[in-house]
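A.B. asks: Pasting in a structure now, in C-alpha cells, and then I'll have a few things to ask.
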Amino acid sequence: MTENSVIQSKGVDSLGRKFALVVFFSIVLAGLVVGFLAIKFQEFALLKQQQASIKYRSLGFASQLSFSLLQKQQKAQVANEIITTTLQKSRREVRPSLKAEADGSIRQQDDYSAAYIAQKNYNRRTASLYQDTAQLWQQISSLMLQDFDSFYFISKDNFIRSTPVNWVLQLEAGHDFSQDYFYQIATPELNPQRLPKWTELYFDSMFNQWVISLIIPVYIEDEFIGVTGTDIFLKNILDDLPSIQNKPAYAQVFLFDRKGQIIGDRLQKFSTNLPMNTLFTGVKAAEPKLSQFAKQVAQQPKAIEKLSEEVSGELIYAAEVAPVNWYLAMHIEKDHVLSGLADFRLRLLSMFIVVALLVSVLIFVTFYKVILKRLNRLSKGVYSFSRGEITPIELDTKNDEIGRLNRAFMNMSGEISGLVAGLNAKIVEKELAETSARKLSKAVSFLSSGIVITDAELAIEYINPFLIKLLDCQTAVEKKLNLNELFAQEVSHLSDEIHYALSERQHWRGDMLLKFAGKQCWMSLAIAPIRNETGELSHYVCAMQDISFIKQSQLKMEHLAYYDVLTGLANRCYFKEQLRKAIAMSQRGYYSFALLYFDLDEFKRINDTLGHDAGDELLKEIARRLTTRLRTEDTIARLGGDEFAVILSAINDRNQASDIARNLQKAFAQPVMLGQHEVSISASIGITMAPEDAANEELLLKHADLAMYEAKARGRNTFHFFSPDLNEAAEERLLIENQLREAIKDNQFMLYYQPKIDIRDNTVVGYEALIRWLRPDNTLVPPVRFIGVAESTGLIVQIGEWIIWEACRFLARQHSQGYTVSLAINLSVRQFKDDNLPSLVAHIIQMTGVDAKYLMFEITESMLMGDTDAAISQLNQLKRLGVSLSIDDFGTGYSSLSYLKRFPVDELKIDRSFVCDIPESRNDMNIVAAVVAMAQKMGLQVVAEGVETASQVEFLRNNACHHVQGYYFSMPLAEQELAGLNFAIKQ
C-alpha cells in the first residue's frame with residue numbers, strides 16, 4: 001500500500017473530518033464556559049481589590065493632610081507662646097513717635113512685616129507693641145511663612161502686625177477687627193477654654209483668596225490681649241492633594257466639610273472678588289450622587305463603610321481630616337475599572353478558537369499519515385537531532401507504538417529546545433539587568449539623599465556614597481551590621497516600632513536620629529520592601545533625607561519657649577513645670593525640697609543710673625554666679641525683671657537651706673564691674689520648705705514671695721523663712737485692700753487739716769490736708785495702715801483724686817469766708833507719675849473756682865529721683881497752672897543740691913526727725929540752721945514740721961524759720977473744729 005493510496009482513502013477521509021469537527025466544537029464549548037466563569041471571577045476580584053486600594057489611599061492621603069495640619073498647629077502654638085512670653089516680659093510704655101497718615105491711620109513697614117493701628121488707639125502701650133512685635137517678627141516670620149501663607153498678631157486695641165505686608169498696607173483706615181469672623185472665634189465669649197481654633201473656610205478680600213485660619217488667643221496675667229493668626233490658602237491645600245501619578249488611573253479626589261459641602265479638588269475653580277468674611281457655601285459636585293454621599297457621611301461619619309457600598313456605579317471611600325473637620329474622598333467609576341477586561345474577553349475567545357482549530361487540524365492530519373512516512377520522518381528527526389540540529393520537527397501523535405514513540409521523541413526534543421531557548425533568554429535578560437543595574441548604581445551614587453539596602457532581616461548590604469560620607473559608615477557594610485546599629489541611643493525605642501510595622505505592613509516612615517563613628521544627623525527615613533519574581537520579600541530599601549537643619553530650628557524654638565533669652569536660665573513656664581514635678585515627687589514621699597525666691601536690692605537704681613544695658617549685664621553675671629554656686633540637679637530660673645527662683649532638691653531641713661542662702665549672699669557680695677563702674681549688689685531671699693509649708697504650686701510661690709518681702713522689710717541683704725504669721729499679714733493686707741475698695745465706693749474718707757502757723761505773729765497762714773478713714777463702725781484707721789496698701793494696689797490714684805477735689809472745695813469755702821489761707825496737698829508716687837495729673841488739677845481748679853496761687857502740692861525727694869527729666873517736665877506743667885510746689889520731708893532722702901536747683905519748687909519742709917531733738921541735739925540744730933540758710937539763699941520758703949515745744953519755736957524764730965506745723969500749736973482737725981482755734985486767722 002502506497003502513501004498516496006492511504007491519503008486518498010474515502011473512509012478514512014470521512015471519519016477524520018467528523019472526528020476533527022467533534023473535537024473542534026467540544027474544545028470551543030468547554031473554553032467558552034470556563035472563560036465566562038473566569039471573567040466573572042476576575043471582575044469580582046478586581047472590584048474588591050480596587051475598593052481596598054481606594055480605601056487605603058484615602059486613609060493615607062487624609063492622614064498625610066491631618067499630620068501636616070497638626071504640625072502647622074504645633075508650630076503656630078509655639079509661636080503664640082513666644083509672643084505671649086515676649087509681651088508679658090515687656091509690658092512697658094513707650095513714648096509715641098510715629099506720625100499718622102492722611103486717612104488717620106498709623107502704618108509701619110520693614111523687610112519682615114507691617115503694622116497698623118488707628119490714630120485714636122495709638123498711645124504709650126500700643127507704641128510698645130510696635131517695637132516689641134517688630135523685633136519678634138524679624139526672628140520668627142521667615143520660619144512661619146515656610147508653613148503658612150500669612151502670620152499676624154491682632155490686639156484688642158485693633159493693633160495688627162502681619163507678614164506678608166500687603167494685607168496691612170491695603171487695610172482701610174478705621175477697620176474694626178472685632179467684627180471679623182476669624183477674630184471673633186478666639187474671644188473669651190466664644191472661646192472660654194482658650195484653645196487654638198480652626199476657622200471654617202471664608203473669603204479674604206485682601207488676598208482675593210479662600211482661606212482657613214488657625215486662631216490662638218493671647219492671655220497675659222489672665223487678661224485677654226489679642227490673638228495670633230495663621231492663614232492657609234485653600235488653593236495651596238488643594239494643590240497638595242495627590243496628583244494622577246499617585247493614585248489609580250481615572251480616580252478622582254475631592255474634599256468636603258462636616259456639613260457635607262463640597263470643597264472641590266485640585267482643579268476646582270472658585271468664585272472671587274467677594275466681600276470680606278464671606279463663609280464658604282460649597283461647590284457643585286460633578287455628579288449628584290457624590291454630593292449626596294458627602295451629606296450622608298457628614299450626618300453618619302461612623303457608617304462610611306456602609307455608605308461607600310451604597311453608591312451605585314462608583315467605588316468610593318472618605319476619610320476624616322480631623323484638625324479641620326473635613327473629609328477627603330477618592331472615587332472611580334466601576335466601568336473604568338472593568339474596561340480593561342474587554343480586551344481580555346476577546347483575546348480569551350480568540351485563543352480558544354485558535355487552539356480548537358489547531359488541535360482539530362492536527363488530529364485530522366494524523367489520520368492521513370501512513371506508517372512509513374511517519375517512520376521516515378521520525379528517522380530523519382533522530383538523525384538531525386543526533387547532528388545537533390534542534391529545530392522542532394512535526395510528528396504525528398497517534399495512540400499506537402509509533403505515536404507513543406513520536407510523542408516521546410517530541411517531548412524530549414521540545415524540552416531540550418526549551419532549555420536552550422530559556423538559557424539564551426536568561427543570558428539576554430542578565431545582560432539587560434546588568435546594564436540597568438550599572439545605570440541605577442550610577443544614579444544612586446550621585447544622589448544627594450541617603451540610600452541603604454538591607455536583607456529581609458535588616459542586615460546592611462549597601463550604603464550609597466552620600467550617606468557613607470555623611471556618617472563615615474563604610475564599616476557597617478563590611479561587617480553587615482544591622483540597620484538598628486545606625487540608630488542613636490536616644491531613639492532606640494523606635495526599633496521595636498519599626499520591626500512591628502515591617503512585620504504588619506512591610507513599610508515604615510518617620511524621623512530618625514542616626515549616629516555612627518562619632519557623627520550624627522537627623523534623617524527623614526522611609527523603609528519599603530523589595531520582592532523577588534515569586535513575590536516573596538527579599539530585601540528592604542531605606543531612603544533618607546537630611547533634616548538636621550529643621551530639627552535644629554525646632555530645638556531653637558523650644559529653647560525660646562522654655563529658657564530666658566538674656567540669661568540662658570529657665571523661664572517661668574519651665575520653672576513652674578519643674579516645680580509641679582518636684583511637688584508630685586515630694587507628695588509620694590521621695591524627697592523634700594526648698595524653694596528660694598529673691599530679687600536684687602536697688603536693681604532699679606542701677607538701671608536708672610547706668611542704663612538698661614548695664615542692668616542686662618548685671619543679670620547675666622548673677623545668672624553665672626548662680627549656676628557656679630548651685631548644683632546641677634537644682635533648677636534655677638529667672639521669672640522676670642530681677643526676680644529669680646531656685647528649687648533646691650533633696651533639702652531635708654532649714655539648716656541646709658540656710659547654708660545655701662548664705663553661700664549665695666557671699667556670691668552676690670563680690671563687686672561687679674559694669675563698664676567703668678564697680679557696683680556692689682545684694683539680694684533679699686525668701687525661703688519656703690516643701691512639703692512642710694505647702695503642697696501646692698501657687699501656695700509655695702506665694703509663701704516664698706511673702707518671705708522675700710519680709711526679708712526686704714528687715715533691711716534687705718538677708719534671707720527669711722516663711723512662717724504662718726507672714727500669711728496672716730498678707731491676709732490682713734488683702735482684707736484692707738477689699739475694705740479700701742468698699743471705702744472708695746461708700747465714700748468713707750474724710751479730710752483733717754493741720755494748721756501752718758506764722759510764728760512772727762502767731763497767725764494761721766495755711767493748712768495741710770491729711771486723709772482719715774472712718775469705718776462704718778466709727779473706728780478710725782490711721783493712714784500708716786492703709787496708705788501703703790493703696791499705693792501698691794493703685795487705689796491711691798482714685799483716693800488721691802478725691803483728696804484734691806475735697807481739698808479744693810475746702811479752700812474755696814475758706815476764701816468765700818474771707819480767710820486768705822493756702823492749702824498743701826500731698827501727692828503719692830503713682831499720682832505724680834500719672835501723665836493726666838496736670839489736666840486733672842486744671843479741671844478741678846476750674847470746676848471749684850479756687851485761686852491756684854493758694855494751692856500747694858507736696859512731693860517727696862525720692863519721687864524726683866530716677867527719671868529726673870520726666871519729673872522736671874511734670875513739675876513744670878503743674879507750675880504753669882499757677883500752683884506752688886513743696887518738697888516734703890527734706891533731708892531724709894537724696895538731698896541733692898544739683899537736683900534741687902533744677903526743680904521749680906517754692907518751699908522746703910524740714911522733716912520732724914531733725915526738729916524733735918532740738919535743743920538737746922546740737923547736730924540737729926546745725927542741720928536745721930543750715931537748711932534754713934540755704935533755702936533763704938535760693939529764695940525758697942521753709943516750713944518746719946513736728947514742732948512740739950516752746951524751745952523749738954524759739955530756736956526756729958531765731959534762725960528765721962517763720963512757718964511751722966506741730967502739736968505745739970494744733971493737731972490735725974476736722975473742718976468744723978477749725979473755728980475753735982486760739983490763733984488769729986489772717987484776713
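Ordered as shown in the C-alpha cells, chains take letters A, B, and onward, while each chain numbers its residues from 1 and ligands are numbered from 1 in the order shown.
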According to DSSP computed on the backbone, where in range 735-905 of chain A is there strand (DSSP E)? Give the residues as a PyMOL selection string.

C.D. replies: chain A and resi 749-758+763-774+780-781+822-826+855-860+884-890

A.B. asks: Neighbours of range 654-666 of chain A within 10 Å (only C-alpha atoms; same-chain residues fewer than 4 positions away dropped), as JSON, numbers by chain?

C.D. replies: {"A": [593, 594, 595, 596, 622, 625, 626, 629, 630, 648, 650, 670, 681, 682, 683, 684, 685, 686, 687, 688, 689, 717, 718, 719, 720, 721]}

A.B. asks: Selected residues, N, CA and C atoms, written as a PDB file, in the first residue's frame, please.

C.D. replies:
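part.pdb, written as the output of this step:
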```pdb
ATOM      1  N   PHE A 593      12.158  69.353  99.373  1.00  0.00           N
ATOM      2  CA  PHE A 593      12.969  70.373  98.703  1.00  0.00           C
ATOM      3  C   PHE A 593      12.641  71.738  99.292  1.00  0.00           C
ATOM      4  N   ALA A 594      13.500  72.712  98.949  1.00  0.00           N
ATOM      5  CA  ALA A 594      13.306  74.094  99.385  1.00  0.00           C
ATOM      6  C   ALA A 594      13.156  74.979  98.157  1.00  0.00           C
ATOM      7  N   LEU A 595      12.305  75.992  98.278  1.00  0.00           N
ATOM      8  CA  LEU A 595      12.091  76.949  97.193  1.00  0.00           C
ATOM      9  C   LEU A 595      12.639  78.301  97.628  1.00  0.00           C
ATOM     10  N   LEU A 596      13.611  78.833  96.884  1.00  0.00           N
ATOM     11  CA  LEU A 596      14.191  80.148  97.141  1.00  0.00           C
ATOM     12  C   LEU A 596      13.634  81.143  96.127  1.00  0.00           C
ATOM     13  N   ILE A 622      24.754  87.674  87.450  1.00  0.00           N
ATOM     14  CA  ILE A 622      24.048  86.993  88.538  1.00  0.00           C
ATOM     15  C   ILE A 622      23.723  85.562  88.134  1.00  0.00           C
ATOM     16  N   ARG A 625      26.845  83.435  88.372  1.00  0.00           N
ATOM     17  CA  ARG A 625      27.208  83.105  89.753  1.00  0.00           C
ATOM     18  C   ARG A 625      26.262  82.055  90.338  1.00  0.00           C
ATOM     19  N   LEU A 626      25.000  82.151  89.972  1.00  0.00           N
ATOM     20  CA  LEU A 626      24.060  81.151  90.471  1.00  0.00           C
ATOM     21  C   LEU A 626      24.414  79.759  89.958  1.00  0.00           C
ATOM     22  N   ARG A 629      27.501  78.372  91.729  1.00  0.00           N
ATOM     23  CA  ARG A 629      27.378  78.122  93.168  1.00  0.00           C
ATOM     24  C   ARG A 629      26.400  76.988  93.497  1.00  0.00           C
ATOM     25  N   LEU A 630      25.470  76.704  92.584  1.00  0.00           N
ATOM     26  CA  LEU A 630      24.445  75.709  92.882  1.00  0.00           C
ATOM     27  C   LEU A 630      24.751  74.397  92.163  1.00  0.00           C
ATOM     28  N   LEU A 648      15.733  73.849  95.313  1.00  0.00           N
ATOM     29  CA  LEU A 648      16.851  73.115  95.901  1.00  0.00           C
ATOM     30  C   LEU A 648      16.366  71.708  96.218  1.00  0.00           C
ATOM     31  N   ALA A 650      16.352  67.715  97.396  1.00  0.00           N
ATOM     32  CA  ALA A 650      16.907  66.896  98.491  1.00  0.00           C
ATOM     33  C   ALA A 650      17.382  67.752  99.661  1.00  0.00           C
ATOM     34  N   GLN A 670      30.368  89.944  96.147  1.00  0.00           N
ATOM     35  CA  GLN A 670      31.538  90.332  95.353  1.00  0.00           C
ATOM     36  C   GLN A 670      31.146  91.408  94.347  1.00  0.00           C
ATOM     37  N   ILE A 681      26.231  94.667  94.949  1.00  0.00           N
ATOM     38  CA  ILE A 681      24.830  94.246  94.916  1.00  0.00           C
ATOM     39  C   ILE A 681      24.542  93.348  96.104  1.00  0.00           C
ATOM     40  N   SER A 682      23.259  93.187  96.346  1.00  0.00           N
ATOM     41  CA  SER A 682      22.795  92.264  97.379  1.00  0.00           C
ATOM     42  C   SER A 682      21.422  91.766  96.960  1.00  0.00           C
ATOM     43  N   ALA A 683      20.937  90.769  97.681  1.00  0.00           N
ATOM     44  CA  ALA A 683      19.640  90.188  97.341  1.00  0.00           C
ATOM     45  C   ALA A 683      18.881  89.880  98.622  1.00  0.00           C
ATOM     46  N   SER A 684      17.560  90.031  98.537  1.00  0.00           N
ATOM     47  CA  SER A 684      16.674  89.639  99.630  1.00  0.00           C
ATOM     48  C   SER A 684      16.032  88.317  99.241  1.00  0.00           C
ATOM     49  N   ILE A 685      16.218  87.286 100.070  1.00  0.00           N
ATOM     50  CA  ILE A 685      15.845  85.924  99.702  1.00  0.00           C
ATOM     51  C   ILE A 685      14.729  85.449 100.619  1.00  0.00           C
ATOM     52  N   GLY A 686      13.662  84.932  99.994  1.00  0.00           N
ATOM     53  CA  GLY A 686      12.585  84.284 100.730  1.00  0.00           C
ATOM     54  C   GLY A 686      12.672  82.782 100.536  1.00  0.00           C
ATOM     55  N   ILE A 687      12.504  81.999 101.621  1.00  0.00           N
ATOM     56  CA  ILE A 687      12.669  80.555 101.557  1.00  0.00           C
ATOM     57  C   ILE A 687      11.422  79.887 102.123  1.00  0.00           C
ATOM     58  N   THR A 688      10.932  78.881 101.404  1.00  0.00           N
ATOM     59  CA  THR A 688       9.836  78.059 101.914  1.00  0.00           C
ATOM     60  C   THR A 688      10.191  76.605 101.695  1.00  0.00           C
ATOM     61  N   MET A 689       9.770  75.725 102.619  1.00  0.00           N
ATOM     62  CA  MET A 689      10.125  74.312 102.587  1.00  0.00           C
ATOM     63  C   MET A 689       8.917  73.508 102.120  1.00  0.00           C
ATOM     64  N   ASN A 717      19.310  92.461 101.972  1.00  0.00           N
ATOM     65  CA  ASN A 717      20.583  91.736 102.023  1.00  0.00           C
ATOM     66  C   ASN A 717      20.553  90.666 103.116  1.00  0.00           C
ATOM     67  N   THR A 718      19.410  89.956 103.170  1.00  0.00           N
ATOM     68  CA  THR A 718      19.267  88.891 104.153  1.00  0.00           C
ATOM     69  C   THR A 718      18.309  87.862 103.582  1.00  0.00           C
ATOM     70  N   PHE A 719      18.077  86.798 104.337  1.00  0.00           N
ATOM     71  CA  PHE A 719      17.087  85.808 103.915  1.00  0.00           C
ATOM     72  C   PHE A 719      16.140  85.547 105.068  1.00  0.00           C
ATOM     73  N   HIS A 720      14.936  85.077 104.699  1.00  0.00           N
ATOM     74  CA  HIS A 720      13.926  84.849 105.723  1.00  0.00           C
ATOM     75  C   HIS A 720      13.094  83.651 105.308  1.00  0.00           C
ATOM     76  N   PHE A 721      12.778  82.791 106.306  1.00  0.00           N
ATOM     77  CA  PHE A 721      11.943  81.620 106.052  1.00  0.00           C
ATOM     78  C   PHE A 721      10.476  81.989 106.217  1.00  0.00           C
TER      79      PHE A 721
END
```

A.B. asks: Could you give me, as JSON, numbers by chain, the residues within 10 Å of Ile215 in chain A, counting only C-alpha atoms and dropping anything in the same chain fewer than 4 positions from it?

C.D. replies: {"A": [73, 76, 77, 80, 152, 153, 182, 183, 184, 185, 186, 187, 195, 196, 197, 198, 199, 227, 228, 229, 230, 231]}

A.B. asks: So which one's closest to Ile160 in chain A, A:Arg107, A:Ser205, A:Lys334, A:Ser142? Using only C-alpha atoms, please.

C.D. replies: A:Arg107

A.B. asks: Pick out the closest residue to Ser680 in chain A from this set: A:Leu600, A:Met750, A:Ile39, A:Ala118. Count only C-alpha atoms.

C.D. replies: A:Leu600
